[in-house]
>>> print(open('input.csv').read())   # CSV, C-alpha atoms and all ligand atoms
chain,number,residue,atom,x,y,z
A,1,MET,CA,6.3,-12.0,-168.4
A,2,LEU,CA,7.5,-10.8,-165.1
A,3,HIS,CA,11.2,-11.3,-164.3
A,4,GLU,CA,12.7,-13.8,-161.9
A,5,ALA,CA,12.6,-11.4,-158.9
A,6,GLN,CA,10.8,-8.0,-158.9
A,7,PHE,CA,10.1,-5.9,-155.8
A,8,PHE,CA,8.3,-2.6,-155.6
A,9,ASN,CA,8.4,0.0,-152.9
A,10,GLU,CA,4.8,0.8,-153.4
A,11,ASP,CA,1.3,0.4,-152.0
A,12,CYS,CA,0.3,-3.1,-153.1
A,13,VAL,CA,-3.1,-2.3,-154.6
A,14,GLU,CA,-1.7,0.5,-156.9
A,15,GLY,CA,1.4,-1.6,-157.5
A,16,CYS,CA,-0.5,-4.6,-158.6
A,17,ARG,CA,-2.6,-2.5,-161.0
A,18,ARG,CA,0.5,-1.0,-162.5
A,19,HIS,CA,2.8,-4.0,-162.7
A,20,ILE,CA,1.0,-7.3,-162.6
A,21,PRO,CA,-1.1,-8.5,-165.5
A,22,ASP,CA,-4.3,-10.6,-165.0
A,23,SER,CA,-3.9,-14.3,-164.2
A,24,THR,CA,-0.1,-14.5,-164.1
A,25,VAL,CA,0.7,-15.5,-160.5
A,26,ASP,CA,0.8,-19.1,-159.5
A,27,LEU,CA,0.9,-18.6,-155.7
A,28,ILE,CA,0.3,-15.8,-153.3
A,29,VAL,CA,1.6,-16.1,-149.7
A,30,THR,CA,1.0,-13.0,-147.6
A,31,ASP,CA,0.7,-11.6,-144.2
A,32,PRO,CA,-1.1,-8.3,-144.2
A,33,PRO,CA,-0.7,-5.6,-141.5
A,34,TYR,CA,-2.7,-6.4,-138.4
A,35,GLY,CA,-4.7,-3.3,-137.9
A,36,ILE,CA,-3.9,-3.4,-134.2
A,37,GLN,CA,-1.3,-0.6,-134.1
A,38,GLY,CA,1.4,-3.0,-135.3
A,39,HIS,CA,3.9,-0.2,-135.3
A,40,GLN,CA,3.6,-0.3,-131.5
A,41,LEU,CA,4.0,-4.0,-131.1
A,42,HIS,CA,7.1,-3.7,-128.9
A,43,LYS,CA,4.7,-2.8,-126.1
A,44,HIS,CA,3.3,-6.3,-126.3
A,45,TYR,CA,6.3,-8.3,-127.2
A,46,ASN,CA,9.1,-9.2,-124.8
A,47,ARG,CA,12.1,-8.4,-127.0
A,48,LYS,CA,14.9,-5.9,-127.7
A,49,GLU,CA,13.6,-3.2,-130.1
A,50,GLU,CA,17.1,-2.1,-131.1
A,51,PHE,CA,17.2,-4.8,-133.7
A,52,VAL,CA,13.7,-4.4,-135.0
A,53,LEU,CA,13.5,-2.4,-138.2
A,54,ASP,CA,11.5,0.8,-138.0
A,55,GLY,CA,9.0,1.5,-140.7
A,56,TYR,CA,6.1,-0.9,-140.4
A,57,VAL,CA,3.2,0.7,-142.1
A,58,GLU,CA,0.0,0.0,-140.2
A,59,VAL,CA,-3.6,0.3,-141.3
A,60,PRO,CA,-6.1,2.1,-139.0
A,61,ALA,CA,-8.8,-0.3,-137.7
A,62,GLU,CA,-11.7,1.7,-139.2
A,63,GLU,CA,-10.1,1.4,-142.7
A,64,TYR,CA,-9.4,-2.3,-142.4
A,65,PRO,CA,-12.5,-3.7,-144.2
A,66,GLU,CA,-12.2,-1.5,-147.3
A,67,PHE,CA,-8.4,-1.9,-147.3
A,68,THR,CA,-8.8,-5.7,-147.2
A,69,ARG,CA,-11.5,-5.7,-149.9
A,70,LEU,CA,-9.2,-3.8,-152.3
A,71,TRP,CA,-6.1,-5.9,-151.9
A,72,ILE,CA,-8.0,-9.2,-152.0
A,73,SER,CA,-9.8,-8.2,-155.2
A,74,GLU,CA,-6.4,-7.5,-156.7
A,75,ALA,CA,-5.1,-10.8,-155.5
A,76,GLU,CA,-8.0,-12.5,-157.2
A,77,ARG,CA,-7.3,-10.7,-160.5
A,78,ILE,CA,-3.6,-11.5,-160.6
A,79,LEU,CA,-3.9,-15.2,-159.6
A,80,ARG,CA,-4.0,-17.6,-162.5
A,81,PRO,CA,-7.0,-20.0,-162.6
A,82,GLY,CA,-5.9,-23.0,-160.4
A,83,GLY,CA,-3.5,-20.7,-158.5
A,84,SER,CA,-3.5,-20.7,-154.7
A,85,ILE,CA,-3.5,-18.0,-152.0
A,86,TYR,CA,-2.5,-18.3,-148.3
A,87,ILE,CA,-3.3,-15.4,-146.0
A,88,VAL,CA,-1.9,-15.3,-142.5
A,89,SER,CA,-4.1,-13.4,-140.1
A,90,GLY,CA,-4.6,-12.8,-136.4
A,91,TYR,CA,-8.1,-13.0,-134.9
A,92,THR,CA,-8.8,-9.3,-134.7
A,93,HIS,CA,-9.5,-8.7,-138.4
A,94,LEU,CA,-10.1,-12.3,-139.5
A,95,VAL,CA,-13.8,-11.4,-140.1
A,96,ASP,CA,-12.8,-8.6,-142.6
A,97,ILE,CA,-10.6,-11.0,-144.5
A,98,LEU,CA,-13.3,-13.7,-144.6
A,99,VAL,CA,-15.9,-11.2,-145.8
A,100,ALA,CA,-13.6,-9.9,-148.5
A,101,LEU,CA,-12.8,-13.4,-149.7
A,102,ARG,CA,-16.4,-14.4,-149.8
A,103,ALA,CA,-17.1,-11.5,-152.2
A,104,THR,CA,-14.7,-13.1,-154.7
A,105,SER,CA,-14.7,-16.2,-156.8
A,106,LEU,CA,-11.9,-17.7,-154.7
A,107,ARG,CA,-12.8,-21.1,-153.2
A,108,GLU,CA,-11.9,-22.0,-149.6
A,109,VAL,CA,-9.7,-25.2,-149.3
A,110,ASN,CA,-8.5,-25.1,-145.7
A,111,HIS,CA,-8.6,-23.0,-142.7
A,112,LEU,CA,-5.2,-23.8,-141.1
A,113,VAL,CA,-4.2,-23.1,-137.5
A,114,TRP,CA,-0.6,-22.1,-137.0
A,115,LYS,CA,0.4,-22.7,-133.4
A,116,TYR,CA,3.6,-21.2,-132.1
A,117,ASN,CA,5.2,-19.7,-129.1
A,118,PHE,CA,3.6,-16.3,-129.1
A,119,GLY,CA,5.8,-14.5,-126.6
A,120,VAL,CA,2.8,-12.7,-125.0
A,121,TYR,CA,2.0,-13.6,-121.4
A,122,THR,CA,-1.4,-13.1,-119.9
A,123,SER,CA,-2.3,-14.0,-116.3
A,124,ARG,CA,-6.1,-13.6,-116.2
A,125,LYS,CA,-7.1,-15.2,-119.4
A,126,TYR,CA,-5.9,-18.0,-121.8
A,127,ILE,CA,-2.7,-17.3,-123.6
A,128,SER,CA,-2.8,-16.5,-127.3
A,129,SER,CA,-0.7,-19.0,-129.2
A,130,HIS,CA,-2.0,-19.4,-132.7
A,131,TYR,CA,-2.6,-17.6,-136.0
A,132,HIS,CA,-5.0,-18.4,-138.8
A,133,ILE,CA,-3.9,-19.3,-142.3
A,134,LEU,CA,-6.6,-19.1,-144.9
A,135,TYR,CA,-5.9,-21.3,-148.0
A,136,TYR,CA,-8.0,-20.5,-151.0
A,137,VAL,CA,-7.7,-21.3,-154.7
A,138,LYS,CA,-8.9,-19.6,-157.9
A,139,PRO,CA,-11.2,-22.0,-159.8
A,140,GLY,CA,-10.9,-22.8,-163.5
A,141,ARG,CA,-7.8,-25.0,-163.8
A,142,PRO,CA,-6.2,-27.9,-161.9
A,143,ILE,CA,-4.7,-26.9,-158.6
A,144,THR,CA,-1.1,-27.5,-157.7
A,145,PHE,CA,-1.0,-29.5,-154.6
A,146,ASN,CA,2.1,-31.7,-154.3
A,147,THR,CA,0.8,-34.3,-151.8
A,148,GLY,CA,4.0,-36.4,-151.7
A,149,CYS,CA,6.6,-33.5,-151.9
A,150,ARG,CA,7.8,-33.9,-148.3
A,151,TYR,CA,6.9,-37.4,-147.1
A,152,GLY,CA,6.2,-40.6,-149.0
A,153,PRO,CA,2.9,-42.3,-148.6
A,154,LYS,CA,4.3,-45.1,-146.5
A,155,GLU,CA,6.8,-43.2,-144.3
A,156,GLN,CA,6.1,-43.7,-140.6
A,157,HIS,CA,6.8,-41.6,-137.6
A,158,GLU,CA,9.1,-43.4,-135.1
A,159,ASN,CA,6.2,-43.6,-132.7
A,160,GLY,CA,3.8,-44.8,-135.4
A,161,GLY,CA,1.5,-42.9,-137.7
A,162,SER,CA,2.0,-41.8,-141.3
A,163,LEU,CA,4.3,-38.8,-141.7
A,164,ASN,CA,2.5,-37.7,-144.8
A,165,TYR,CA,-0.7,-37.6,-142.9
A,166,LEU,CA,0.8,-35.8,-139.9
A,167,ASP,CA,2.5,-33.2,-142.2
A,168,ARG,CA,-0.9,-32.5,-143.9
A,169,GLU,CA,-3.0,-32.1,-140.8
A,170,ASP,CA,-4.5,-28.6,-140.6
A,171,VAL,CA,-2.8,-27.6,-137.3
A,172,TRP,CA,0.8,-26.6,-137.8
A,173,VAL,CA,3.2,-26.3,-134.9
A,174,ILE,CA,6.1,-24.1,-136.1
A,175,ASN,CA,7.9,-21.7,-133.8
A,176,ARG,CA,9.0,-18.3,-134.8
A,177,GLU,CA,12.8,-18.0,-135.5
A,178,TYR,CA,14.8,-16.4,-132.7
A,179,LYS,CA,17.5,-14.2,-134.3
A,180,PRO,CA,19.4,-12.5,-131.5
A,181,GLY,CA,21.5,-9.6,-132.7
A,182,GLN,CA,20.1,-9.5,-136.2
A,183,THR,CA,18.1,-6.7,-137.7
A,184,LYS,CA,14.6,-7.9,-138.5
A,185,ASN,CA,11.1,-6.9,-139.4
A,186,LYS,CA,8.5,-6.8,-136.6
A,187,ASN,CA,6.8,-10.1,-137.6
A,188,ALA,CA,9.0,-12.1,-139.9
A,189,LEU,CA,7.3,-15.4,-140.8
A,190,PRO,CA,9.5,-18.5,-140.0
A,191,SER,CA,11.1,-20.0,-143.1
A,192,GLN,CA,9.9,-23.5,-142.2
A,193,LEU,CA,6.3,-22.3,-142.5
A,194,LEU,CA,7.0,-20.7,-145.9
A,195,ILE,CA,9.0,-23.7,-147.2
A,196,LYS,CA,6.0,-25.9,-146.4
A,197,ILE,CA,3.5,-23.7,-148.2
A,198,ILE,CA,5.7,-23.2,-151.2
A,199,GLN,CA,6.6,-26.9,-151.5
A,200,TYR,CA,3.0,-28.0,-151.4
A,201,SER,CA,1.4,-25.3,-153.6
A,202,SER,CA,4.0,-24.5,-156.3
A,203,ASN,CA,6.7,-26.0,-158.5
A,204,GLU,CA,10.1,-24.8,-159.5
A,205,GLY,CA,9.9,-21.8,-161.9
A,206,ASP,CA,6.4,-20.8,-160.7
A,207,LEU,CA,5.8,-17.2,-159.8
A,208,VAL,CA,5.2,-16.5,-156.0
A,209,CYS,CA,3.8,-13.1,-154.9
A,210,ASP,CA,3.7,-11.4,-151.5
A,211,LEU,CA,1.7,-8.2,-151.4
A,212,PHE,CA,3.1,-7.3,-147.9
A,213,LEU,CA,6.8,-8.2,-148.1
A,214,GLY,CA,8.0,-6.9,-144.6
A,215,SER,CA,11.3,-8.6,-144.3
A,216,PHE,CA,10.9,-10.3,-147.7
A,217,SER,CA,10.8,-13.7,-146.0
A,218,THR,CA,8.4,-15.2,-148.6
A,219,ALA,CA,10.5,-13.9,-151.4
A,220,LYS,CA,13.8,-15.2,-149.8
A,221,VAL,CA,12.3,-18.7,-149.5
A,222,ALA,CA,10.7,-18.6,-152.9
A,223,ILE,CA,14.1,-17.8,-154.6
A,224,GLY,CA,15.8,-20.3,-152.3
A,225,LEU,CA,13.4,-23.0,-153.7
A,226,ASN,CA,14.0,-21.9,-157.3
A,227,ARG,CA,10.7,-20.1,-157.8
A,228,ARG,CA,10.3,-16.6,-159.2
A,229,ALA,CA,9.3,-13.9,-156.8
A,230,VAL,CA,7.4,-10.6,-157.0
A,231,GLY,CA,6.1,-8.3,-154.2
A,232,PHE,CA,5.4,-5.0,-152.6
A,233,GLU,CA,6.4,-3.2,-149.4
A,234,LYS,CA,5.2,0.3,-148.6
A,235,SER,CA,7.8,1.2,-146.0
A,236,SER,CA,10.9,2.6,-147.6
A,237,THR,CA,13.1,1.8,-144.6
A,238,ALA,CA,12.1,-1.9,-144.6
A,239,PHE,CA,12.3,-2.0,-148.4
A,240,SER,CA,15.8,-0.6,-148.8
A,241,HIS,CA,17.2,-2.8,-146.0
A,242,GLN,CA,15.7,-6.0,-147.4
A,243,VAL,CA,16.4,-5.3,-151.1
A,244,ALA,CA,20.1,-5.2,-150.2
A,245,GLU,CA,19.7,-8.5,-148.3
A,246,MET,CA,17.9,-10.1,-151.2
A,247,LYS,CA,21.0,-9.7,-153.3
A,248,THR,CA,22.7,-12.2,-151.0
A,249,VAL,CA,20.0,-14.9,-151.5
A,250,GLN,CA,21.2,-17.8,-153.6
A,251,ARG,CA,18.7,-19.0,-156.3
A,252,GLY,CA,17.9,-22.6,-155.4
A,253,GLY,CA,20.1,-22.4,-152.3
A,254,LEU,CA,17.5,-24.1,-150.0
A,255,LEU,CA,16.9,-27.1,-152.3
A,256,ASP,CA,19.8,-29.0,-150.8
A,257,GLN,CA,18.3,-28.7,-147.3
A,258,LEU,CA,15.0,-30.3,-148.3
A,259,ARG,CA,14.3,-33.8,-147.1
A,260,ALA,CA,13.7,-36.2,-149.9
A,261,PRO,CA,10.5,-38.2,-149.5
A,262,ALA,CA,11.1,-42.0,-149.4
A,263,LEU,CA,10.4,-43.8,-152.7
A,264,GLU,CA,7.1,-45.7,-152.7
A,265,SER,CA,8.3,-49.0,-154.1
A,266,HIS,CA,10.8,-51.5,-152.6
A,267,PRO,CA,12.8,-53.8,-154.8
A,268,ASN,CA,11.5,-57.0,-153.0
A,269,GLN,CA,7.9,-55.7,-152.6
A,270,GLY,CA,5.4,-58.6,-153.0
A,271,LYS,CA,8.1,-61.3,-153.0
A,272,PRO,CA,6.9,-64.3,-150.8
A,273,TRP,CA,8.5,-64.8,-147.4
A,274,SER,CA,10.1,-68.1,-146.3
A,275,ASP,CA,10.0,-69.0,-142.6
A,276,ASP,CA,13.8,-68.9,-142.5
A,277,GLU,CA,13.8,-65.4,-143.9
A,278,ARG,CA,11.3,-64.3,-141.3
A,279,ARG,CA,13.4,-65.7,-138.5
A,280,GLN,CA,16.6,-64.0,-139.8
A,281,VAL,CA,14.8,-60.7,-140.1
A,282,TYR,CA,13.4,-61.0,-136.6
A,283,ARG,CA,16.9,-61.7,-135.2
A,284,ARG,CA,18.4,-58.8,-137.1
A,285,TYR,CA,15.5,-56.6,-135.9
A,286,VAL,CA,16.2,-57.4,-132.2
A,287,GLY,CA,19.9,-56.6,-132.7
A,288,LEU,CA,19.1,-53.3,-134.5
A,289,LEU,CA,16.7,-52.2,-131.8
A,290,LYS,CA,19.7,-52.2,-129.3
A,291,VAL,CA,21.7,-50.0,-131.7
A,292,CYS,CA,19.1,-47.8,-133.1
A,293,GLY,CA,17.0,-47.2,-130.0
A,294,THR,CA,13.6,-47.0,-131.6
A,295,LYS,CA,11.4,-49.4,-133.6
A,296,GLY,CA,11.0,-46.9,-136.4
A,297,LYS,CA,14.7,-46.5,-136.9
A,298,ALA,CA,15.4,-50.2,-136.7
A,299,ILE,CA,12.7,-50.9,-139.3
A,300,GLU,CA,14.1,-48.1,-141.5
A,301,VAL,CA,17.5,-49.8,-141.6
A,302,LEU,CA,15.9,-53.2,-142.2
A,303,SER,CA,13.9,-51.8,-145.0
A,304,ARG,CA,17.0,-50.6,-146.7
A,305,GLU,CA,18.9,-53.9,-146.1
A,306,THR,CA,16.1,-56.2,-147.3
A,307,GLY,CA,14.4,-54.1,-150.0
A,308,ARG,CA,11.1,-54.7,-148.3
A,309,GLY,CA,8.4,-52.2,-147.1
A,310,ARG,CA,7.9,-51.4,-143.5
A,311,PHE,CA,4.4,-52.9,-143.3
A,312,SER,CA,5.6,-56.2,-144.7
A,313,LEU,CA,8.6,-56.2,-142.4
A,314,GLY,CA,6.4,-55.6,-139.4
A,315,LYS,CA,4.1,-58.4,-140.3
A,316,ALA,CA,7.1,-60.8,-140.9
A,317,ILE,CA,8.6,-59.9,-137.5
A,318,ALA,CA,5.3,-60.4,-135.8
A,319,VAL,CA,4.9,-63.9,-137.4
A,320,ALA,CA,8.4,-64.9,-136.5
A,321,LYS,CA,7.9,-63.6,-133.0
A,322,ASN,CA,4.5,-65.2,-132.3
A,323,GLY,CA,5.0,-68.3,-134.4
A,324,ASP,CA,1.6,-67.9,-136.1
A,325,SER,CA,-0.1,-65.9,-138.8
A,326,GLY,CA,0.9,-62.7,-137.1
A,327,ALA,CA,-2.8,-61.8,-136.8
A,328,THR,CA,-2.5,-61.5,-133.1
A,329,GLY,CA,0.2,-59.9,-131.0
A,330,GLN,CA,1.6,-57.7,-133.8
A,331,LEU,CA,4.2,-55.1,-132.9
A,332,ASP,CA,3.0,-51.7,-131.9
A,333,PHE,CA,4.1,-49.9,-134.9
A,334,VAL,CA,2.2,-52.2,-137.2
A,335,GLU,CA,-1.0,-51.6,-135.3
A,336,ILE,CA,-0.6,-47.9,-135.5
A,337,VAL,CA,0.2,-48.0,-139.2
A,338,SER,CA,-2.8,-50.0,-140.2
A,401,LIG,C1,2.8,-8.3,-141.1
A,401,LIG,S1,4.0,-7.5,-142.0
A,401,LIG,C2,4.6,-8.7,-143.2
A,401,LIG,C3,5.7,-9.5,-142.6
A,401,LIG,C4,6.3,-10.4,-143.6
A,401,LIG,N1,5.4,-11.5,-143.9
A,401,LIG,C5,7.6,-11.0,-143.1
A,401,LIG,O1,7.7,-12.2,-143.0
A,401,LIG,O2,8.4,-10.2,-142.7
A,401,LIG,C6,3.1,-6.4,-143.0
A,401,LIG,C7,3.9,-5.5,-143.9
A,401,LIG,O3,3.0,-4.8,-144.9
A,401,LIG,C8,3.5,-3.5,-145.0
A,401,LIG,N2,2.4,-2.7,-145.6
A,401,LIG,C9,1.4,-2.1,-144.9
A,401,LIG,N3,0.5,-1.6,-145.8
A,401,LIG,C10,1.0,-1.9,-147.1
A,401,LIG,C11,0.5,-1.6,-148.4
A,401,LIG,N4,-0.7,-0.9,-148.6
A,401,LIG,N5,1.2,-2.1,-149.4
A,401,LIG,C12,2.4,-2.7,-149.2
A,401,LIG,N6,2.9,-3.0,-148.0
A,401,LIG,C13,2.2,-2.6,-146.9
A,401,LIG,C14,4.0,-3.1,-143.7
A,401,LIG,O4,4.9,-2.0,-143.7
A,401,LIG,C15,4.6,-4.4,-143.2
A,401,LIG,O5,6.0,-4.5,-143.5
>>> encode(input="input.csv", output="structure tokens")
Amino acid sequence: MLHEAQFFNEDCVEGCRRHIPDSTVDLIVTDPPYGIQGHQLHKHYNRKEEFVLDGYVEVPAEEYPEFTRLWISEAERILRPGGSIYIVSGYTHLVDILVALRATSLREVNHLVWKYNFGVYTSRKYISSHYHILYYVKPGRPITFNTGCRYGPKEQHENGGSLNYLDREDVWVINREYKPGQTKNKNALPSQLLIKIIQYSSNEGDLVCDLFLGSFSTAKVAIGLNRRAVGFEKSSTAFSHQVAEMKTVQRGGLLDQLRAPALESHPNQGKPWSDDERRQVYRRYVGLLKVCGTKGKAIEVLSRETGRGRFSLGKAIAVAKNGDSGATGQLDFVEIVS
């Protein structure tokens, strides 16, 4: 079995063949080189190059299809049945990645769009502001997908709408991290993006692999979430800088920062309402609105105080307010919820 954290300063295809047995990896999250002269990205990006690590290994465009075919076939081999792979890609070589994936047994689950503030300005065409994330799985065993790991099924956005649903939509808006004055890789993925992928598609103790480590951001988040990590980076400059940084990453250190999803059940769920109780809850709701500012927050407090669910509270308030069954004139948040 591979150790808790193992990193190799090697080409990922050769490295996988040498070090990673078949069907041993639970999750691969990776961001291959772009094949667009990535080592000259400073010409496109508006930022100070003095803090950007030298040593990004690029792949010539004409070699990209074969390069992609080789590493994706290794990825397929090392994934366990039921394991997942997320590949981050720009548009230029997306076709090569799709063609390589289709030559494997891997099954497409989602094509995610990651929208962010790109930092490139164009005046005579639309401005690029998204990346693609291809989410595939290896068939053969149940897939790890932790549907309720971040938001409980009944949690509501303060403007209405299910938080669980919103979090699982296939367009993700996550900005890149701005790290002024810190040494970084050319294209470090934001930790919020990695946290999200790793939470949904792995469990503590699982093995997470990144074939193109760059600034080791996948590995740092994996270790921070108490997963095991393995990966490859061809550049010795990037590798030696980041391996030193990895030693400062605390195992499980990110777990405290995770938001706990709200429990599904409420102690008074299903208990019948009296008219008196409805009136009291309505008065309390009106008072809380002034203090909390939003309906969502007021209902959150009421839910804790009464041990009742949000939907039930919304209905009771509507009944007390309208003096009827509540079927008409319900509060906004109830309409959006249902
Ligand atoms: C887009 S970057 C990865 C960025 C990384 N996800 C991060 O958050 O920092 C691609 C990385 O792959 C490395 N690389 C290029 N060819 C490689 C190969 N054949 N094997 C391993 N790493 C390679 C590059 O040096 C570069 O650091």
>>> closest_residue(input="input.csv", among="A:Glu233, A:Asp256, A:Asp31, A:Glu62", to="A:Asp11", atoms="all atoms listed in the file")
A:Glu233
>>> closest_atom_pairs(input="input.csv", of="chain A", to="ligand LIG 401 (chain A)", cutoff="6 Å", atoms="all atoms listed in the file", output="CSV")
residue,atom,partner,partner_atom,distance
A:Glu10,CA,A:LIG401,C12,6.0
A:Asp11,CA,A:LIG401,N5,3.6
A:Cys12,CA,A:LIG401,N5,3.9
A:Thr30,CA,A:LIG401,N1,5.9
A:Asp31,CA,A:LIG401,N1,4.7
A:Pro32,CA,A:LIG401,C6,4.8
A:Pro33,CA,A:LIG401,C6,4.2
A:Tyr56,CA,A:LIG401,O4,3.7
A:Val57,CA,A:LIG401,O4,3.6
A:Glu58,CA,A:LIG401,C9,5.3
A:Asn185,CA,A:LIG401,O2,5.4
A:Asn187,CA,A:LIG401,C3,5.2
A:Ala188,CA,A:LIG401,O1,3.4
A:Leu189,CA,A:LIG401,O1,3.9
A:Leu211,CA,A:LIG401,C12,6.0
A:Phe212,CA,A:LIG401,O3,3.9
A:Leu213,CA,A:LIG401,C4,5.0
A:Gly214,CA,A:LIG401,O5,3.3
A:Ser215,CA,A:LIG401,O2,3.7
A:Phe216,CA,A:LIG401,O2,5.6
A:Ser217,CA,A:LIG401,O1,4.6
A:Phe232,CA,A:LIG401,C12,5.1
A:Glu233,CA,A:LIG401,N6,3.8
A:Lys234,CA,A:LIG401,N6,4.1
A:Ser235,CA,A:LIG401,O4,4.9
>>> residues_around(input="input.csv", residues="A:Arg259", least_positions_apart="2", cutoff="12 Å", atoms="all atoms listed in the file", output="PyMOL selection string")
chain A and resi 148-152+195-196+199+254-257+261-262
>>> closest_residue(input="input.csv", among="A:Trp172, A:Tyr136, A:Phe8, A:Phe311", to="A:Ile28", atoms="only C-alpha atoms")
A:Tyr136
>>> closest_residue(input="input.csv", among="A:Val208, A:Leu70, A:Val281, A:Ile85", to="A:Ala320", atoms="all atoms listed in the file")
A:Val281
>>> residues_around(input="input.csv", residues="A:Glu169", least_positions_apart="2", cutoff="12 Å", atoms="all atoms listed in the file", output="PyMOL selection string")
chain A and resi 110-114+147+162-167+171-173
>>> residues_around(input="input.csv", residues="A:Val137", least_positions_apart="3", cutoff="7 Å", atoms="only C-alpha atoms", output="list of chain:residue names")
A:Gly82, A:Gly83, A:Ser84, A:Ile85, A:Leu106, A:Arg107, A:Glu108, A:Val109
>>> closest_residue(input="input.csv", among="A:Leu313, A:Ile127, A:Val29, A:Ala103", to="A:Ser89", atoms="only C-alpha atoms")
A:Val29
>>> atom_distance(input="input.csv", atom1="atom CA of A:Lys138", atom2="atom CA of A:Pro81")
5.1 Å
>>> residues_around(input="input.csv", residues="A:Ser202", least_positions_apart="4", cutoff="10 Å", atoms="all atoms listed in the file", output="list of chain:residue names")
A:Asp26, A:Leu27, A:Ile28, A:Gly83, A:Ser84, A:Ile143, A:Thr144, A:Phe145, A:Asn146, A:Ile197, A:Ile198, A:Asp206, A:Leu207, A:Val208, A:Ala222, A:Leu225, A:Arg227
>>> residues_near_point(input="input.csv", point="(9.1, -63.9, -142.3)", cutoff="8 Å", atoms="only C-alpha atoms", output="number ranges by chain")
A: 273-282, 313, 315-317, 319-320
>>> closest_residue(input="input.csv", among="A:Leu258, A:Arg283, A:Lys271, A:Val25", to="A:Gln192", atoms="only C-alpha atoms")
A:Leu258
>>> atom_distance(input="input.csv", atom1="atom CA of A:Arg284", atom2="atom CA of A:His266")
18.7 Å
>>> residues_around(input="input.csv", residues="A:Val301", least_positions_apart="3", cutoff="12 Å", atoms="all atoms listed in the file", output="VMD selection string")
chain A and resid 281 284 to 285 287 to 289 291 to 298 304 to 310 313
>>> atom_distance(input="input.csv", atom1="atom CA of A:Ala219", atom2="atom CA of A:Ile78")
17.0 Å
>>> closest_residue(input="input.csv", among="A:Arg176, A:Arg18, A:Lys115, A:His132", to="A:Tyr86", atoms="all atoms listed in the file")
A:His132
>>> axis_aligned_box(input="input.csv", around="stretch 224-242 of chain A", padding_each_side="5 Å", output="lines of an AutoDock Vina configuration file")
center_x = 11.2
center_y = -10.2
center_z = -151.9
size_x = 22.0
size_y = 35.6
size_z = 24.6
>>> decode(input="input.csv", residues="stretch 23-37 of chain A", atoms="N, CA and C atoms", output="compact mmCIF listing (two decimals), in the first residue's frame")
# COMPACT_ATOMS: atom_id res chain seq x y z
N SER A 23 -5.49 -0.17 -9.86
CA SER A 23 -6.73 -0.06 -9.06
C SER A 23 -6.51 0.28 -7.59
N THR A 24 -5.62 1.24 -7.32
CA THR A 24 -5.32 1.56 -5.92
C THR A 24 -5.73 2.98 -5.53
N VAL A 25 -6.07 3.82 -6.50
CA VAL A 25 -6.33 5.23 -6.20
C VAL A 25 -7.85 5.47 -6.14
N ASP A 26 -8.29 6.19 -5.11
CA ASP A 26 -9.73 6.44 -4.96
C ASP A 26 -10.20 7.64 -5.79
N LEU A 27 -9.33 8.64 -5.90
CA LEU A 27 -9.73 9.88 -6.58
C LEU A 27 -8.51 10.52 -7.24
N ILE A 28 -8.68 10.93 -8.51
CA ILE A 28 -7.63 11.70 -9.18
C ILE A 28 -8.19 13.09 -9.44
N VAL A 29 -7.45 14.11 -9.03
CA VAL A 29 -7.82 15.50 -9.35
C VAL A 29 -6.60 16.09 -10.02
N THR A 30 -6.75 16.53 -11.26
CA THR A 30 -5.53 16.97 -11.94
C THR A 30 -5.79 18.04 -12.99
N ASP A 31 -4.75 18.77 -13.25
CA ASP A 31 -4.80 19.98 -14.07
C ASP A 31 -3.57 19.92 -14.98
N PRO A 32 -3.70 19.23 -16.14
CA PRO A 32 -2.50 19.02 -16.96
C PRO A 32 -1.98 20.32 -17.56
N PRO A 33 -0.71 20.31 -18.04
CA PRO A 33 -0.21 21.52 -18.70
C PRO A 33 -1.11 21.86 -19.88
N TYR A 34 -1.13 23.15 -20.25
CA TYR A 34 -2.16 23.60 -21.19
C TYR A 34 -1.82 23.43 -22.67
N GLY A 35 -0.56 23.20 -22.99
CA GLY A 35 -0.17 23.09 -24.40
C GLY A 35 -0.36 24.40 -25.14
N ILE A 36 -0.24 25.52 -24.42
CA ILE A 36 -0.39 26.84 -25.06
C ILE A 36 0.81 27.71 -24.68
N GLN A 37 1.95 27.07 -24.58
CA GLN A 37 3.16 27.76 -24.14
C GLN A 37 2.94 28.36 -22.75
